[in-house]
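Engineer: Enclosed is the structure file data.cif (mmCIF, C-alpha atoms).
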```
data_protein
loop_
_atom_site.label_atom_id
_atom_site.label_comp_id
_atom_site.auth_asym_id
_atom_site.auth_seq_id
_atom_site.Cartn_x
_atom_site.Cartn_y
_atom_site.Cartn_z
CA ASP A 1335 -4.17 8.38 -11.45
CA THR A 1336 -3.75 6.58 -14.77
CA ILE A 1337 -3.50 8.95 -17.73
CA ILE A 1338 -3.72 7.84 -21.37
CA VAL A 1339 -2.49 10.18 -24.11
CA GLU A 1340 -2.61 9.58 -27.85
CA ILE A 1341 -0.13 11.33 -30.17
CA ARG A 1342 -0.25 11.42 -33.97
CA ARG A 1343 3.10 10.18 -35.26
CA SER A 1344 4.78 11.71 -38.29
CA THR A 1345 7.73 10.88 -40.51
CA GLU A 1346 9.26 14.29 -39.82
CA LYS A 1347 9.44 13.99 -36.03
CA VAL A 1348 10.49 10.55 -34.92
CA GLY A 1349 10.73 10.94 -31.14
CA LEU A 1350 8.05 11.63 -28.55
CA GLY A 1351 9.53 14.99 -27.63
CA ILE A 1352 9.66 14.03 -23.95
CA LEU A 1353 12.61 14.52 -21.62
CA LEU A 1354 13.17 11.75 -19.09
CA GLN A 1355 15.03 11.62 -15.81
CA GLU A 1356 16.03 8.58 -13.79
CA ILE A 1357 15.35 9.11 -10.08
CA LYS A 1358 16.09 5.54 -9.02
CA GLY A 1359 18.14 3.00 -10.90
CA GLY A 1360 21.65 1.74 -11.56
CA ARG A 1361 20.65 -1.92 -11.19
CA SER A 1362 22.05 -4.60 -13.45
CA ASP A 1363 18.54 -5.85 -14.26
CA GLY A 1364 17.49 -2.43 -15.59
CA LEU A 1365 14.82 -1.82 -12.95
CA GLY A 1366 14.34 1.67 -11.58
CA ILE A 1367 12.10 4.71 -11.67
CA THR A 1368 12.13 7.09 -14.63
CA VAL A 1369 9.87 10.12 -14.83
CA VAL A 1370 9.11 12.95 -17.24
CA SER A 1371 11.37 15.94 -16.59
CA GLY A 1372 10.08 18.20 -19.37
CA LEU A 1373 9.03 18.51 -23.01
CA VAL A 1374 11.27 19.17 -26.00
CA GLU A 1375 10.53 22.57 -27.50
CA GLY A 1376 8.80 22.04 -30.83
CA GLY A 1377 8.57 18.27 -30.25
CA LEU A 1378 5.53 16.08 -30.88
CA CYS A 1379 4.08 16.39 -27.37
CA GLU A 1380 4.42 20.15 -27.19
CA GLU A 1381 3.20 20.60 -30.76
CA GLN A 1382 0.04 18.57 -30.08
CA ASP A 1383 -0.51 20.04 -26.61
CA CYS A 1384 -0.47 16.61 -24.95
CA ASP A 1385 -1.50 16.10 -21.34
CA VAL A 1386 2.01 15.15 -20.17
CA MET A 1387 3.33 16.67 -16.95
CA VAL A 1388 6.66 16.78 -15.18
CA GLY A 1389 6.77 13.87 -12.71
CA ASP A 1390 4.59 11.53 -14.80
CA SER A 1391 5.85 7.95 -14.96
CA ILE A 1392 5.35 6.27 -18.35
CA SER A 1393 4.00 2.73 -17.85
CA SER A 1394 3.83 1.76 -21.51
CA VAL A 1395 4.07 3.10 -25.05
CA SER A 1396 2.02 1.56 -27.84
CA VAL A 1397 2.08 2.02 -31.59
CA LEU A 1398 -1.35 1.86 -33.20
CA GLN A 1399 -1.02 1.47 -36.96
CA THR A 1400 -3.96 1.56 -39.34
CA ASN A 1401 -3.60 -0.12 -42.73
CA LYS A 1402 -6.02 -0.39 -45.61
CA SER A 1403 -6.48 -3.88 -46.97
CA LYS A 1404 -8.72 -5.45 -49.59
CA ASP A 1405 -11.59 -7.54 -48.28
CA GLY A 1406 -13.12 -9.13 -51.33
CA ALA A 1407 -16.42 -7.61 -52.38
CA ALA A 1408 -16.31 -5.22 -49.42
CA GLY A 1409 -13.43 -3.34 -51.01
CA LEU A 1410 -10.87 -1.55 -48.83
CA GLN A 1411 -11.10 -2.08 -45.10
CA ASP A 1412 -9.14 -0.46 -42.24
CA THR A 1413 -7.29 -2.80 -39.91
CA THR A 1414 -5.44 -1.62 -36.80
CA THR A 1415 -2.52 -3.38 -35.16
CA GLU A 1416 -1.13 -2.49 -31.72
CA ILE A 1417 2.41 -3.13 -30.55
CA THR A 1418 3.25 -2.24 -26.95
CA ALA A 1419 6.50 -1.66 -25.08
CA MET A 1420 6.26 -1.89 -21.28
CA THR A 1421 8.30 0.76 -19.48
CA GLU A 1422 6.96 0.73 -15.93
CA CYS A 1423 9.60 0.46 -13.18
CA LEU A 1424 12.52 0.66 -15.59
CA GLY A 1425 15.67 2.76 -15.33
CA TYR A 1426 16.50 5.41 -17.92
CA ASP A 1427 18.52 3.19 -20.30
CA ALA A 1428 15.99 0.35 -20.17
CA THR A 1429 13.12 2.79 -20.77
CA VAL A 1430 14.79 4.29 -23.84
CA GLU A 1431 15.65 0.81 -25.12
CA ALA A 1432 12.05 -0.37 -24.74
CA ILE A 1433 10.64 2.67 -26.57
CA SER A 1434 13.27 2.34 -29.30
CA SER A 1435 12.16 -1.25 -29.94
CA LEU A 1436 8.83 -0.04 -31.31
CA PRO A 1437 8.23 0.03 -35.09
CA PRO A 1438 9.62 3.03 -37.00
CA PRO A 1439 7.45 5.97 -38.12
CA PRO A 1440 4.87 5.26 -40.84
CA SER A 1441 5.49 5.31 -44.53
CA SER A 1442 3.36 7.41 -46.83
CA GLY A 1443 -0.34 6.52 -46.71
CA GLN A 1444 -0.21 4.92 -43.27
CA GLU A 1445 -1.53 6.40 -40.04
CA GLN A 1446 0.21 5.79 -36.73
CA ILE A 1447 -0.83 6.76 -33.24
CA LEU A 1448 1.46 6.62 -30.23
CA LYS A 1449 -0.49 5.77 -27.07
CA LEU A 1450 1.17 6.65 -23.78
CA THR A 1451 -0.12 5.13 -20.55
CA MET A 1452 1.21 7.06 -17.56
CA LYS A 1453 0.92 7.06 -13.78
CA ARG A 1454 0.44 10.46 -12.20
CA ILE A 1455 0.80 11.18 -8.49
CA ARG A 1456 -1.84 13.61 -7.31
CA ARG A 1457 -1.91 15.35 -3.96
CA LYS A 1458 -4.97 14.45 -1.95
CA PRO A 1459 -7.25 17.43 -1.32
CA LEU A 1460 -7.12 18.76 2.24
CA ILE A 1461 -10.22 19.84 4.13
CA SER A 1462 -9.93 22.22 7.08
CA ILE A 1463 -12.74 21.87 9.63
CA ASN A 1464 -13.60 24.33 12.40
CA LEU A 1465 -15.37 22.35 15.13
CA GLN A 1466 -17.69 24.24 17.47
CA TYR A 1467 -19.00 22.88 20.78
CA PRO A 1468 -22.26 23.73 22.59
CA PRO A 1469 -21.85 26.66 25.00
CA SER A 1470 -22.67 24.35 27.92
CA GLN A 1471 -19.53 22.31 27.26
CA LYS A 1472 -17.34 25.41 27.64
CA GLU A 1473 -14.90 24.07 25.05
CA PRO A 1474 -13.01 26.36 22.64
CA ASP A 1475 -13.36 25.86 18.90
CA THR A 1476 -11.06 23.21 17.48
CA LYS A 1477 -9.51 23.10 14.02
CA ILE A 1478 -8.70 19.77 12.40
CA GLN A 1479 -7.50 18.87 8.91
CA LEU A 1480 -8.67 15.81 7.01
CA TYR A 1481 -7.75 14.34 3.66
CA ALA A 1482 -10.39 13.67 1.03
CA GLY A 1483 -12.06 10.33 1.64
CA GLU A 1484 -11.73 10.32 5.44
CA ASN A 1485 -14.77 9.48 7.54
CA LEU A 1486 -15.84 12.43 9.68
CA ARG A 1487 -16.80 10.42 12.79
CA LEU A 1488 -13.64 8.33 12.87
CA ALA A 1489 -11.44 11.36 12.26
CA MET A 1490 -12.99 13.20 15.20
CA LEU A 1491 -12.86 10.24 17.57
CA VAL A 1492 -9.16 9.54 16.99
CA ARG A 1493 -8.52 13.19 17.86
CA GLY A 1494 -10.31 12.82 21.18
CA ILE A 1495 -13.45 14.73 20.20
CA LYS A 1496 -16.50 13.56 22.17
CA LEU A 1497 -19.54 12.84 20.02
CA ASN A 1498 -21.96 10.75 22.10
CA ASP A 1499 -24.84 13.15 22.61
CA PRO A 1500 -26.86 12.03 25.67
CA LEU A 1501 -29.93 13.75 24.24
CA ALA A 1502 -29.91 11.57 21.11
CA LYS A 1503 -32.24 8.59 20.74
CA ARG A 1504 -31.64 5.52 18.65
CA PHE A 1505 -33.65 5.43 15.44
CA ASP A 1506 -34.53 1.75 15.86
CA THR A 1507 -35.37 1.46 19.59
CA LYS A 1508 -36.02 5.15 20.42
CA SER A 1509 -33.82 4.66 23.49
CA GLY A 1510 -30.28 5.79 24.28
CA GLY A 1511 -27.10 3.96 23.39
CA ASN A 1512 -24.21 4.11 20.94
CA CYS A 1513 -24.57 1.87 17.88
CA GLY A 1514 -20.84 1.99 17.06
CA ALA A 1515 -21.10 3.66 13.62
CA GLY A 1516 -23.99 1.46 12.52
CA GLY A 1517 -26.02 4.51 11.51
CA LEU A 1518 -28.84 3.76 13.98
CA CYS A 1519 -28.29 5.76 17.18
CA ARG A 1520 -27.87 9.30 15.83
CA THR A 1521 -25.52 10.17 18.72
CA CYS A 1522 -22.84 11.20 16.21
CA ALA A 1523 -25.07 13.70 14.41
CA VAL A 1524 -23.45 17.03 13.64
CA SER A 1525 -24.70 20.29 12.18
CA VAL A 1526 -22.81 21.40 9.08
CA VAL A 1527 -22.93 25.19 9.23
CA ARG A 1528 -20.63 25.74 6.24
CA GLY A 1529 -19.09 23.56 3.55
CA GLY A 1530 -21.80 20.90 3.26
CA GLU A 1531 -20.94 20.48 -0.42
CA LEU A 1532 -17.63 18.94 0.66
CA LEU A 1533 -19.46 15.89 2.05
CA ASN A 1534 -20.82 12.93 0.13
CA PRO A 1535 -24.58 13.14 -0.58
CA GLN A 1536 -26.94 11.59 1.95
CA LYS A 1537 -28.40 8.19 1.17
CA MET A 1538 -32.08 7.47 1.73
CA ALA A 1539 -31.60 5.83 5.14
CA GLU A 1540 -29.72 8.81 6.56
CA GLU A 1541 -32.29 11.25 5.14
CA GLN A 1542 -35.08 9.24 6.75
CA MET A 1543 -33.35 9.21 10.15
CA LEU A 1544 -32.77 12.96 10.16
CA LYS A 1545 -35.98 14.11 8.47
CA ASP A 1546 -37.29 15.69 11.70
CA ASP A 1547 -34.07 17.68 12.21
CA THR A 1548 -32.64 20.61 10.27
CA PRO A 1549 -31.39 20.02 6.69
CA ARG A 1550 -27.86 20.86 7.83
CA TRP A 1551 -27.59 17.82 10.08
CA ARG A 1552 -25.52 14.82 9.06
CA LEU A 1553 -24.63 11.50 10.67
CA SER A 1554 -20.87 11.84 10.94
CA CYS A 1555 -20.49 8.04 10.72
CA LYS A 1556 -21.94 8.22 7.18
CA ALA A 1557 -20.18 11.43 6.14
CA PHE A 1558 -16.94 11.41 4.13
CA VAL A 1559 -15.08 14.64 3.44
CA GLY A 1560 -13.66 15.87 0.14
CA TYR A 1561 -16.51 14.64 -2.05
CA GLY A 1562 -15.53 14.87 -5.71
CA MET A 1563 -11.87 15.28 -4.69
CA LYS A 1564 -12.59 18.87 -3.66
CA GLU A 1565 -10.84 20.74 -0.88
CA GLY A 1566 -11.98 23.66 1.19
CA GLU A 1567 -13.15 24.75 4.63
CA MET A 1568 -16.04 23.57 6.79
CA THR A 1569 -17.68 24.67 10.03
CA VAL A 1570 -19.26 21.84 12.01
CA GLN A 1571 -21.19 22.02 15.28
CA VAL A 1572 -20.81 18.99 17.57
CA ASN A 1573 -23.76 17.63 19.60
CA PRO A 1574 -26.27 19.94 17.86
CA ARG A 1575 -29.17 19.00 20.16
CA GLN A 1576 -27.40 20.84 23.00
CA TRP A 1577 -27.26 24.19 21.20
#
```
Before we go any further, please render this structure as structure tokens.
Structural biologist:
Amino acid sequence: DTIIVEIRRSTEKVGLGILLQEIKGGRSDGLGITVVSGLVEGGLCEEQDCDVMVGDSISSVSVLQTNKSKDGAAGLQDTTTEITAMTECLGYDATVEAISSLPPPPSSGQEQILKLTMKRIRRKPLISINLQYPPSQKEPDTKIQLYAGENLRLAMLVRGIKLNDPLAKRFDTKSGGNCGAGGLCRTCAVSVVRGGELLNPQKMAEEQMLKDDTPRWRLSCKAFVGYGMKEGEMTVQVNPRQW
């Protein structure tokens, strides 16, 4: 994720109040990886409760300075200038040097904002799914784990889970046959017993195709888990027409 934080700069506290740590560097060209290792107690970031976390990588630091200038009959007018130092993929020394190249704190009567643009690594939500088979298949329940954004049908197929329901009819021809994830055959339909809120909302075409079935049914080829970057648990019944 890209995070942007704005900090009011003062003449009393010059630095950002951020501790940095180099985790990859030592090159003669100054390239490397430098991340936030903590906040200085009583520093600007801590004082202003900034959204800066350990592990964040600072991509750039900008100084936004607002000055009042005369504009003829209009009187005083605010003008803002922005000066940016790029710090992405730099080692510790090069990062500090880039930040230090920015203009000094404001003099009296001037307002300065420090704008930090950071990259933040976020763990993908994990969804645990309990798969249940029709009693006639005599298969035990199976548990699988998917990351947010994975397609339900593809995830089940690569794990060897059989989805082609022989009782299903194509929506277009009303005959049998697998459409290959085209959203026409309905052979990959599943019944979501629990955790339906973890799937993306149905679009009109899918609703139309399943309108004669129960509201819990979904076409797994059109279902993606972890909607809204949420994690949790689901219970899904495979081949629901055979239950």
Engineer: Tell me which of A:Leu1532, A:Leu1448, A:Leu1350, A:Ala1523 sits closest to Asp1547 (chain A), counting all atoms listed in the file.
Structural biologist: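 Checking each of A:Leu1532, A:Leu1448, A:Leu1350, A:Ala1523 against Asp1547 (chain A), counting all atoms listed in the file, the winner is A:Ala1523.
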Engineer: Work out how far CA of Leu1480 (chain A) is from CA of Lys1458 (chain A), in Å to one decimal.
Structural biologist: 9.8 Å
Engineer: Mind pulling up the distance from CA of Glu1540 (chain A) to CA of Gln1571 (chain A)?
Structural biologist: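 A separation of 18.0 Å between them.
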Engineer: What would the selection look like, as an mmCIF file with C-alpha atoms, keeping the file's coordinate frame, if the PyMOL selection byres ((chain A and resi 1462-1468) around 10) were run on the coordinates I just shared?
Structural biologist:
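result25.cif, freshly written:
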```cif
data_model
loop_
_atom_site.group_PDB
_atom_site.id
_atom_site.type_symbol
_atom_site.label_atom_id
_atom_site.label_comp_id
_atom_site.auth_asym_id
_atom_site.auth_seq_id
_atom_site.Cartn_x
_atom_site.Cartn_y
_atom_site.Cartn_z
ATOM 1 C CA LEU A 1460 -7.120 18.760 2.240
ATOM 2 C CA ILE A 1461 -10.220 19.840 4.130
ATOM 3 C CA PRO A 1469 -21.850 26.660 25.000
ATOM 4 C CA SER A 1470 -22.670 24.350 27.920
ATOM 5 C CA GLN A 1471 -19.530 22.310 27.260
ATOM 6 C CA LYS A 1472 -17.340 25.410 27.640
ATOM 7 C CA GLU A 1473 -14.900 24.070 25.050
ATOM 8 C CA PRO A 1474 -13.010 26.360 22.640
ATOM 9 C CA ASP A 1475 -13.360 25.860 18.900
ATOM 10 C CA THR A 1476 -11.060 23.210 17.480
ATOM 11 C CA LYS A 1477 -9.510 23.100 14.020
ATOM 12 C CA ILE A 1478 -8.700 19.770 12.400
ATOM 13 C CA GLN A 1479 -7.500 18.870 8.910
ATOM 14 C CA LEU A 1480 -8.670 15.810 7.010
ATOM 15 C CA TYR A 1481 -7.750 14.340 3.660
ATOM 16 C CA LEU A 1486 -15.840 12.430 9.680
ATOM 17 C CA MET A 1490 -12.990 13.200 15.200
ATOM 18 C CA ILE A 1495 -13.450 14.730 20.200
ATOM 19 C CA LYS A 1496 -16.500 13.560 22.170
ATOM 20 C CA VAL A 1524 -23.450 17.030 13.640
ATOM 21 C CA SER A 1525 -24.700 20.290 12.180
ATOM 22 C CA VAL A 1526 -22.810 21.400 9.080
ATOM 23 C CA VAL A 1527 -22.930 25.190 9.230
ATOM 24 C CA ARG A 1528 -20.630 25.740 6.240
ATOM 25 C CA GLY A 1529 -19.090 23.560 3.550
ATOM 26 C CA VAL A 1559 -15.080 14.640 3.440
ATOM 27 C CA GLU A 1565 -10.840 20.740 -0.880
ATOM 28 C CA GLY A 1566 -11.980 23.660 1.190
ATOM 29 C CA GLU A 1567 -13.150 24.750 4.630
ATOM 30 C CA MET A 1568 -16.040 23.570 6.790
ATOM 31 C CA THR A 1569 -17.680 24.670 10.030
ATOM 32 C CA VAL A 1570 -19.260 21.840 12.010
ATOM 33 C CA GLN A 1571 -21.190 22.020 15.280
ATOM 34 C CA VAL A 1572 -20.810 18.990 17.570
ATOM 35 C CA ASN A 1573 -23.760 17.630 19.600
ATOM 36 C CA PRO A 1574 -26.270 19.940 17.860
ATOM 37 C CA ARG A 1575 -29.170 19.000 20.160
ATOM 38 C CA GLN A 1576 -27.400 20.840 23.000
ATOM 39 C CA TRP A 1577 -27.260 24.190 21.200
#
```
Engineer: Any idea what the distance is between CA of Pro1459 (chain A) and CA of Val1388 (chain A)?
Structural biologist: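 Going from CA of Pro1459 (chain A) over to CA of Val1388 (chain A) covers 19.6 Å.
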Engineer: On this structure, the PyMOL selection byres ((chain A and resi 1382) around 12) would catch which residues? List them as an MDAnalysis selection string, sorted by chain and number.
Structural biologist: chainID A and resid 1339:1344 1350:1351 1373:1381 1383:1386
Engineer: Could you save those same residues with C-alpha atoms as a PDB file, in the frame of the given file?
Structural biologist:
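Final output, saved to part_11.pdb:
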```
ATOM      1  CA  VAL A1339      -2.490  10.180 -24.110  1.00  0.00           C
ATOM      2  CA  GLU A1340      -2.610   9.580 -27.850  1.00  0.00           C
ATOM      3  CA  ILE A1341      -0.130  11.330 -30.170  1.00  0.00           C
ATOM      4  CA  ARG A1342      -0.250  11.420 -33.970  1.00  0.00           C
ATOM      5  CA  ARG A1343       3.100  10.180 -35.260  1.00  0.00           C
ATOM      6  CA  SER A1344       4.780  11.710 -38.290  1.00  0.00           C
ATOM      7  CA  LEU A1350       8.050  11.630 -28.550  1.00  0.00           C
ATOM      8  CA  GLY A1351       9.530  14.990 -27.630  1.00  0.00           C
ATOM      9  CA  LEU A1373       9.030  18.510 -23.010  1.00  0.00           C
ATOM     10  CA  VAL A1374      11.270  19.170 -26.000  1.00  0.00           C
ATOM     11  CA  GLU A1375      10.530  22.570 -27.500  1.00  0.00           C
ATOM     12  CA  GLY A1376       8.800  22.040 -30.830  1.00  0.00           C
ATOM     13  CA  GLY A1377       8.570  18.270 -30.250  1.00  0.00           C
ATOM     14  CA  LEU A1378       5.530  16.080 -30.880  1.00  0.00           C
ATOM     15  CA  CYS A1379       4.080  16.390 -27.370  1.00  0.00           C
ATOM     16  CA  GLU A1380       4.420  20.150 -27.190  1.00  0.00           C
ATOM     17  CA  GLU A1381       3.200  20.600 -30.760  1.00  0.00           C
ATOM     18  CA  ASP A1383      -0.510  20.040 -26.610  1.00  0.00           C
ATOM     19  CA  CYS A1384      -0.470  16.610 -24.950  1.00  0.00           C
ATOM     20  CA  ASP A1385      -1.500  16.100 -21.340  1.00  0.00           C
ATOM     21  CA  VAL A1386       2.010  15.150 -20.170  1.00  0.00           C
TER      22      VAL A1386
END
```
Engineer: Emit as JSON the padded axis-aligned box for all listed atoms of region 1429-1446 of chain A, 3 Å per side, with centre and edge lengths in Å to one decimal.
Structural biologist:
```
{"center_x": 7.1, "center_y": 3.1, "center_z": -33.8, "size_x": 23.2, "size_y": 14.7, "size_z": 32.1}
```
Engineer: Let me know the residues the PyMOL selection byres ((chain A and resi 1414-1420) around 12) catches in the file above, as a ChimeraX atom specification.
Structural biologist: /A:1365,1391-1403,1411-1413,1421-1424,1428-1438,1444-1452
Engineer: May I ask which of the residues A:Val1369, A:Ile1338, A:Val1348, A:Leu1491 is the closest one to Tyr1426 (chain A), counting all atoms listed in the file?
Structural biologist: A:Val1369
Engineer: With a distance cut-off of 9 Å and all atoms listed in the file, select the neighbouring residues of Ser1554 (chain A), excluding the residue or stretch itself and same-chain residues fewer than 3 positions from it, and output the selection as a list in words.
Structural biologist: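 The neighbour list is Asn1485, Leu1486, Arg1487, Leu1488, Ala1515, Gly1517, Arg1520, Cys1522, Ala1523, Val1524, Ala1557 and Phe1558 of chain A.
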Engineer: Store the residues picked out above, limited to C-alpha atoms, as a compact mmCIF listing (two decimals), keeping the file's coordinate frame.
Structural biologist:
```
# COMPACT_ATOMS: atom_id res chain seq x y z
CA ASN A 1485 -14.77 9.48 7.54
CA LEU A 1486 -15.84 12.43 9.68
CA ARG A 1487 -16.80 10.42 12.79
CA LEU A 1488 -13.64 8.33 12.87
CA ALA A 1515 -21.10 3.66 13.62
CA GLY A 1517 -26.02 4.51 11.51
CA ARG A 1520 -27.87 9.30 15.83
CA CYS A 1522 -22.84 11.20 16.21
CA ALA A 1523 -25.07 13.70 14.41
CA VAL A 1524 -23.45 17.03 13.64
CA ALA A 1557 -20.18 11.43 6.14
CA PHE A 1558 -16.94 11.41 4.13
```
Engineer: With distances taken over only C-alpha atoms, which of A:Leu1518, A:Cys1555, A:Ile1352, A:Cys1513 is nearest to Met1387 (chain A)?
Structural biologist: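 Counting only C-alpha atoms, the residue closest to Met1387 (chain A) is A:Ile1352.
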Engineer: Using only C-alpha atoms, which of the listed residues (A:Glu1346, A:Asp1546, A:Leu1553, A:Gln1536) sits closest to Leu1497 (chain A)?
Structural biologist: A:Leu1553
